[in-house]
Structures are given as C-alpha cells and as structure tokens.
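Trainee: The structure that follows is given in the form of structure tokens.
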Amino acid sequence: TAVALAAALDADVCEIYTDVDGVFTADPRIVPAARRVPLISYEEMLEMAASGAKILHLRCVEYARRYNIPIHVRSSFSQREGTWVVDSTKIEARKDGDMEQAIISGVAHDRSEAKVTVVGVPDKVGEAASIFTVLSETEINIDMIVQNVSAASTGRTDISFTLPATDGQRALTALNKVKDQIGFESLRYDDRIGKVSLIGAGMRSHPGVTAKFFSAIADAGVNIEMISTSEIRISVVVAQDDIDTAVAAAHHAFDLDAEQVEAVVYGGTGR
C-alpha cells in the first residue's frame, strides 16, 4: 500500500521502516555476521522476497519495479542509512571506478514449504499436465518441480514438487480423488523440508557459482533433495534441520561475512 501511494503521489522515494537496519546478506538470527546490503536491484529483491526473506512483501517490490519507485528500507530504531532498492541501471551508475558490484547479494531461506511426491506415474504424454491441472483447479501454487527419469522396466516415473505447507493436505486430497484416473501408485508427503536460495545478479557473468554453492553445502554435510534455478537465483531443498547449516555455509563460502558484526535485530520478527 505504501509503494502504491508513493507511485500515485509521484513521490521521489518510499521509506519502509522495520526493526533491522536494512536488507542483510542473510537472516541475522542464523548468521550473526550478516552484513547490510547498501544497494540492491528490484530483480534481486524480488528473488529474495520470493525465496523467504521477510523484509519486503513480494507485491511491494513488484509495484516499485513497475512504477520505478526507489524503496529505502531502514530501521525505526536508528538513524542509520538503510538499503536502497532501485533499478539495476542506477546501481551501475553509482559504482565507483575501483568498486566492483558483489556477485552475490544474499542467501535467503524459507521454512514454510512442503514436498509432495507422486510415485509411479505412467510415463505417457499428458500425465504431468493432468496432475498440475488438478492442483491448479484447487488454486494451489507450485514452486519447484522435479521429474525422475522413467524406469525402463516399469514405464513409470516419480514427480516431486514443493508447495506452501498450508496447502499440503488440500493437494493430497485433490490428487487422491483422481488417483485411478491418472493411474499413479501412491503419494508421499514431507513437511520437514526447507528452501535455501543464493541470489545475485553478478552470477550471470561469473561461471562456477553453482559448483561453489553445491560444494559449500556438501562440505557442511547437507544433502540436497531438489534444485531450481533462474538467471539470478539458485534454490535447493534440504531437510528442515539442515537449513541453518546450509545458510551459514553458503554465506561463508561467498565471503559475505562482515568483518565486524553489524546485524542488529532491535525487536519483533525482523519483518
């Protein structure tokens, strides 16, 4: 609403006050050495918000990008400069000659998702479409999707997807109603998962980011269950108990730790 009003009033900037000093490279509750990001693009902030960061609502950033309204995220409890969410071209213009834009803007996580696996789906044209049509008609949003290679001996495959945990039982009920019609064998449900995402526009021009991310998580002893990527984001699904470890490992691997601990949560949830 604040960004929409700022756009309607043709404001120069929309200031959003919260209980932290801006957008940080990770949740300070998990990574105390997280540092504030001075500038971040709309695209990166959209990915952060969609990946579980609690600072800004997704639609807030969408409005800001659509109407080109700079957002200044800052604390209600201090006078410190916060984080500016702006168009990527403005970030390029503000770069100093000796200052290179960071490859990675931050590591986000989301504990609110669950995973459904549809076991033994006949590997025929249209079966996947039937599954996701049923879910669409139930108005359930799907996040990540993985389909296994069909087993040659059975001609069947498994399809796994993530969705909000609050929609998990509705999804199971909807799919069980069409079990005979689609012909799958069974359903598996797991709500003890979490999503960890690495976000940064710089990864477009830096090869090896994916390998470094996966290596850091593996070295921390965390198993990856699912993978999803976009041009500026890599997301993985891990066991819920491993979220904090994976976030900290990725944050350290990409040198995001601050030299001095500056992440302060003044109160509340950090939103």
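Following the order of the structure tokens, chains are lettered A, B, ..., residues in each are numbered from 1, and ligands are numbered from 1.
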Quick one: DSSP strand (DSSP E or B) residues in stretch 43-188 of chain A, as an NGL selection string?
Mentor: :A and (71-75 or 83-86 or 106-110 or 113-122 or 145-147 or 151 or 156-164 or 186-188)
Trainee: With only C-alpha atoms as the counted atoms, please give the residues lying no more than 12 Å from A:Leu9, apart from itself and same-chain residues fewer than 5 positions off, as a tab-separated table (two decimals) with C-alpha atoms, in the first residue's frame.
Mentor:
chain	number	residue	atom	x	y	z
A	2	ALA	CA	2.84	2.39	0.86
A	3	VAL	CA	4.53	1.85	-2.51
A	4	ALA	CA	1.22	2.19	-4.36
A	14	CYS	CA	9.14	5.26	-0.41
A	67	TYR	CA	6.44	2.34	-11.31
A	69	ILE	CA	9.79	3.93	-7.12
Trainee: Taking the DSSP assignment computed from this structure's backbone, write out as a ChimeraX atom specification all residues of stretch 50-171 of chain A that belong to helix (DSSP H, G or I).
Mentor: /A:50,58-67,88-94,127-137,165-171
Trainee: Generate a file of the selected residues that holds C-alpha atoms, formatted as an mmCIF file, in the first residue's frame.
Mentor:
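Listing of result.cif after writing:
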data_model
loop_
_atom_site.group_PDB
_atom_site.id
_atom_site.type_symbol
_atom_site.label_atom_id
_atom_site.label_comp_id
_atom_site.auth_asym_id
_atom_site.auth_seq_id
_atom_site.Cartn_x
_atom_site.Cartn_y
_atom_site.Cartn_z
ATOM 1 C CA ALA A 50 10.050 -14.953 -3.197
ATOM 2 C CA LEU A 58 6.727 -9.600 -2.891
ATOM 3 C CA ARG A 59 3.959 -7.353 -4.254
ATOM 4 C CA CYS A 60 5.596 -4.321 -2.665
ATOM 5 C CA VAL A 61 8.708 -4.884 -4.791
ATOM 6 C CA GLU A 62 6.629 -5.655 -7.886
ATOM 7 C CA TYR A 63 4.832 -2.299 -7.550
ATOM 8 C CA ALA A 64 8.103 -0.470 -7.002
ATOM 9 C CA ARG A 65 9.665 -2.004 -10.115
ATOM 10 C CA ARG A 66 6.582 -1.351 -12.237
ATOM 11 C CA TYR A 67 6.435 2.339 -11.309
ATOM 12 C CA SER A 88 19.713 -2.038 -11.764
ATOM 13 C CA THR A 89 20.840 0.762 -14.086
ATOM 14 C CA LYS A 90 21.061 3.107 -11.093
ATOM 15 C CA ILE A 91 23.308 0.611 -9.332
ATOM 16 C CA GLU A 92 25.604 0.564 -12.363
ATOM 17 C CA ALA A 93 25.674 4.373 -12.390
ATOM 18 C CA ARG A 94 26.617 4.543 -8.688
ATOM 19 C CA GLU A 127 0.128 -37.265 -17.328
ATOM 20 C CA ALA A 128 2.134 -34.432 -15.770
ATOM 21 C CA ALA A 129 -0.344 -31.951 -17.238
ATOM 22 C CA SER A 130 -3.212 -33.845 -15.584
ATOM 23 C CA ILE A 131 -1.524 -33.691 -12.177
ATOM 24 C CA PHE A 132 -0.838 -29.973 -12.270
ATOM 25 C CA THR A 133 -4.227 -29.179 -13.797
ATOM 26 C CA VAL A 134 -5.872 -30.744 -10.755
ATOM 27 C CA LEU A 135 -3.679 -28.648 -8.459
ATOM 28 C CA SER A 136 -4.346 -25.503 -10.486
ATOM 29 C CA GLU A 137 -8.091 -26.016 -10.231
ATOM 30 C CA ALA A 165 2.791 -26.387 3.711
ATOM 31 C CA THR A 166 -0.592 -24.815 4.474
ATOM 32 C CA ASP A 167 -1.841 -26.219 1.139
ATOM 33 C CA GLY A 168 -0.335 -29.683 1.605
ATOM 34 C CA GLN A 169 -3.412 -31.567 2.768
ATOM 35 C CA ARG A 170 -5.605 -29.921 0.128
ATOM 36 C CA ALA A 171 -3.158 -31.073 -2.532
#
Trainee: Please report, as a Markdown table, each residue of stretch 127-166 of chain A lying at most 8 Å from stretch 217-231 of chain A, together with the nearest pair of atoms and the separation in Å rounded to one decimal; use only C-alpha atoms, and order rows by chain and ascending residue number.
Mentor:
| residue | atom | partner | partner_atom | distance |
| --- | --- | --- | --- | --- |
| A:Met144 | CA | A:Ser228 | CA | 6.3 |
| A:Ile145 | CA | A:Ser228 | CA | 7.9 |
| A:Val146 | CA | A:Met226 | CA | 7.0 |
Trainee: Using only C-alpha atoms, can you tell me which of A:Leu198, A:Leu56, A:Val209, A:Ala248 comes closest to A:Val236?
Mentor: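 Distance minimum relative to A:Val236 lands on A:Leu198.
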Trainee: For A:Ser150, find every residue with an atom within 12 Å (counting only C-alpha atoms), except residues of its own chain fewer than 2 positions away, and show them as a compact mmCIF listing (two decimals) with all heavy atoms, in the first residue's frame.
Mentor:
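Once everything was written out, this is around36.txt:
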# COMPACT_ATOMS: atom_id res chain seq x y z
N VAL A 119 4.21 -40.93 -6.78
CA VAL A 119 5.01 -42.12 -7.07
C VAL A 119 4.34 -42.97 -8.16
O VAL A 119 3.13 -43.19 -8.13
CB VAL A 119 5.21 -42.97 -5.80
CG1 VAL A 119 6.05 -44.22 -6.11
CG2 VAL A 119 5.86 -42.14 -4.70
N GLY A 120 5.16 -43.45 -9.11
CA GLY A 120 4.67 -44.40 -10.12
C GLY A 120 3.69 -43.80 -11.10
O GLY A 120 2.65 -44.40 -11.41
N VAL A 121 4.02 -42.64 -11.65
CA VAL A 121 3.17 -42.02 -12.66
C VAL A 121 3.45 -42.66 -14.02
O VAL A 121 4.62 -42.77 -14.42
CB VAL A 121 3.46 -40.50 -12.76
CG1 VAL A 121 2.57 -39.85 -13.81
CG2 VAL A 121 3.27 -39.83 -11.40
N PRO A 122 2.44 -43.10 -14.75
CA PRO A 122 2.67 -43.67 -16.09
C PRO A 122 3.38 -42.65 -16.98
O PRO A 122 2.96 -41.49 -17.06
CB PRO A 122 1.26 -43.97 -16.60
CG PRO A 122 0.44 -44.12 -15.37
CD PRO A 122 1.01 -43.16 -14.37
N ASP A 123 4.46 -43.06 -17.61
CA ASP A 123 5.25 -42.14 -18.44
C ASP A 123 4.61 -42.02 -19.81
O ASP A 123 5.09 -42.55 -20.81
CB ASP A 123 6.70 -42.65 -18.55
CG ASP A 123 7.63 -41.58 -19.12
OD1 ASP A 123 7.17 -40.43 -19.27
OD2 ASP A 123 8.79 -41.89 -19.41
N LYS A 124 3.50 -41.29 -19.85
CA LYS A 124 2.75 -41.07 -21.09
C LYS A 124 2.51 -39.58 -21.28
O LYS A 124 2.51 -38.82 -20.31
CB LYS A 124 1.41 -41.81 -21.04
CG LYS A 124 1.51 -43.32 -20.90
CD LYS A 124 0.15 -43.98 -21.02
CE LYS A 124 -0.79 -43.52 -19.90
NZ LYS A 124 -2.09 -44.21 -19.93
N GLN A 147 11.11 -34.16 -12.06
CA GLN A 147 10.61 -35.44 -12.56
C GLN A 147 11.78 -36.37 -12.80
O GLN A 147 12.75 -36.00 -13.47
CB GLN A 147 9.82 -35.26 -13.86
CG GLN A 147 9.29 -36.58 -14.42
CD GLN A 147 8.35 -36.40 -15.60
OE1 GLN A 147 7.74 -35.35 -15.76
NE2 GLN A 147 8.24 -37.42 -16.44
N ASN A 148 11.69 -37.57 -12.23
CA ASN A 148 12.76 -38.54 -12.42
C ASN A 148 12.72 -39.15 -13.82
O ASN A 148 11.69 -39.11 -14.50
CB ASN A 148 12.64 -39.67 -11.39
CG ASN A 148 12.81 -39.18 -9.96
OD1 ASN A 148 13.42 -38.14 -9.73
ND2 ASN A 148 12.25 -39.92 -9.02
N ALA A 152 12.87 -48.03 -17.16
CA ALA A 152 12.62 -48.78 -18.40
C ALA A 152 11.77 -50.02 -18.15
O ALA A 152 10.96 -50.42 -18.98
CB ALA A 152 13.95 -49.16 -19.05
N SER A 153 11.96 -50.66 -16.99
CA SER A 153 11.25 -51.91 -16.70
C SER A 153 9.77 -51.70 -16.42
O SER A 153 8.95 -52.58 -16.72
CB SER A 153 11.90 -52.61 -15.50
OG SER A 153 11.89 -51.75 -14.37
N THR A 154 9.41 -50.55 -15.86
CA THR A 154 8.02 -50.32 -15.48
C THR A 154 7.32 -49.27 -16.33
O THR A 154 6.09 -49.23 -16.37
CB THR A 154 7.94 -49.88 -14.01
OG1 THR A 154 8.62 -48.62 -13.85
CG2 THR A 154 8.57 -50.91 -13.09
N GLY A 155 8.09 -48.42 -17.00
CA GLY A 155 7.49 -47.34 -17.78
C GLY A 155 6.82 -46.30 -16.89
O GLY A 155 5.89 -45.61 -17.32
N ARG A 156 7.29 -46.20 -15.65
CA ARG A 156 6.72 -45.24 -14.71
C ARG A 156 7.79 -44.30 -14.16
O ARG A 156 8.98 -44.63 -14.18
CB ARG A 156 6.02 -45.97 -13.54
CG ARG A 156 4.75 -46.69 -13.96
CD ARG A 156 4.11 -47.43 -12.81
NE ARG A 156 2.84 -48.04 -13.20
CZ ARG A 156 1.66 -47.46 -13.10
NH1 ARG A 156 1.56 -46.25 -12.58
NH2 ARG A 156 0.56 -48.08 -13.48
N THR A 157 7.37 -43.18 -13.67
CA THR A 157 8.30 -42.17 -13.15
C THR A 157 7.72 -41.56 -11.89
O THR A 157 6.53 -41.74 -11.58
CB THR A 157 8.55 -41.07 -14.20
OG1 THR A 157 9.54 -40.19 -13.73
CG2 THR A 157 7.28 -40.29 -14.49
N ASP A 158 8.55 -40.84 -11.14
CA ASP A 158 8.10 -40.11 -9.95
C ASP A 158 8.19 -38.62 -10.24
O ASP A 158 9.15 -38.16 -10.85
CB ASP A 158 8.97 -40.44 -8.73
CG ASP A 158 8.87 -41.91 -8.33
OD1 ASP A 158 7.92 -42.57 -8.75
OD2 ASP A 158 9.76 -42.36 -7.59
N ILE A 159 7.20 -37.87 -9.78
CA ILE A 159 7.20 -36.41 -9.92
C ILE A 159 7.09 -35.80 -8.53
O ILE A 159 6.16 -36.10 -7.78
CB ILE A 159 6.03 -35.92 -10.79
CG1 ILE A 159 6.14 -36.51 -12.21
CG2 ILE A 159 5.99 -34.40 -10.85
CD1 ILE A 159 4.96 -36.15 -13.11
Trainee: Choose the residue, out of A:Ser112, A:Thr83, A:Thr18, A:Thr25, that has the smallest atom-to-atom separation from A:Tyr42; count only C-alpha atoms.
Mentor: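 Among A:Ser112, A:Thr83, A:Thr18, A:Thr25, it is A:Thr83 that comes nearest to A:Tyr42.
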Trainee: How far is it from atom CA of A:Glu185 to atom CA of A:Asp143, in Å with one decimal?
Mentor: 22.8 Å
Trainee: For A:Asp110, work out the shell of residues within 7 Å, counting only C-alpha atoms and skipping chain neighbours fewer than 4 positions away, then give it as number ranges by chain.
Mentor: A: 51-52, 194-196
Trainee: Output the selection as a JSON list (two decimals), in the first residue's frame - N, CA, C and O atoms for each residue.
Mentor:
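Final output, saved to again_21.json:
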[["chain", "number", "residue", "atom", "x", "y", "z"],
["A", 51, "SER", "N", 11.96, -15.99, -2.12],
["A", 51, "SER", "CA", 12.72, -17.12, -1.56],
["A", 51, "SER", "C", 12.66, -17.18, -0.04],
["A", 51, "SER", "O", 13.33, -18.01, 0.57],
["A", 52, "GLY", "N", 11.88, -16.29, 0.57],
["A", 52, "GLY", "CA", 11.67, -16.39, 2.01],
["A", 52, "GLY", "C", 12.17, -15.23, 2.84],
["A", 52, "GLY", "O", 11.93, -15.20, 4.05],
["A", 194, "GLY", "N", 13.05, -27.46, 3.84],
["A", 194, "GLY", "CA", 13.22, -26.02, 3.75],
["A", 194, "GLY", "C", 13.95, -25.68, 2.46],
["A", 194, "GLY", "O", 14.63, -26.52, 1.87],
["A", 195, "LYS", "N", 13.79, -24.45, 2.03],
["A", 195, "LYS", "CA", 14.43, -23.98, 0.80],
["A", 195, "LYS", "C", 15.52, -22.98, 1.13],
["A", 195, "LYS", "O", 15.29, -22.05, 1.92],
["A", 196, "VAL", "N", 16.69, -23.16, 0.54],
["A", 196, "VAL", "CA", 17.80, -22.23, 0.70],
["A", 196, "VAL", "C", 18.15, -21.69, -0.67],
["A", 196, "VAL", "O", 18.33, -22.47, -1.63]]
Trainee: Tell me which of A:Ile103, A:Glu47, A:Trp84, A:Ala7 sits closest to A:Leu256, counting only C-alpha atoms.
Mentor: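 Using only C-alpha atoms, A:Leu256 sits closest to A:Ile103.
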Trainee: Give me the residues near A:Arg204 as a PyMOL selection string, where near means some atom within 8 Å (using only C-alpha atoms) and where sequence neighbours in that chain fewer than 3 positions away do not count.
Mentor: chain A and resi 201+207+231-232
Trainee: Taking into account only C-alpha atoms, which residue in the set A:Ile140, A:Ala216, A:Ile55, A:Val13 is nearest to A:Ser75?
Mentor: A:Ile55
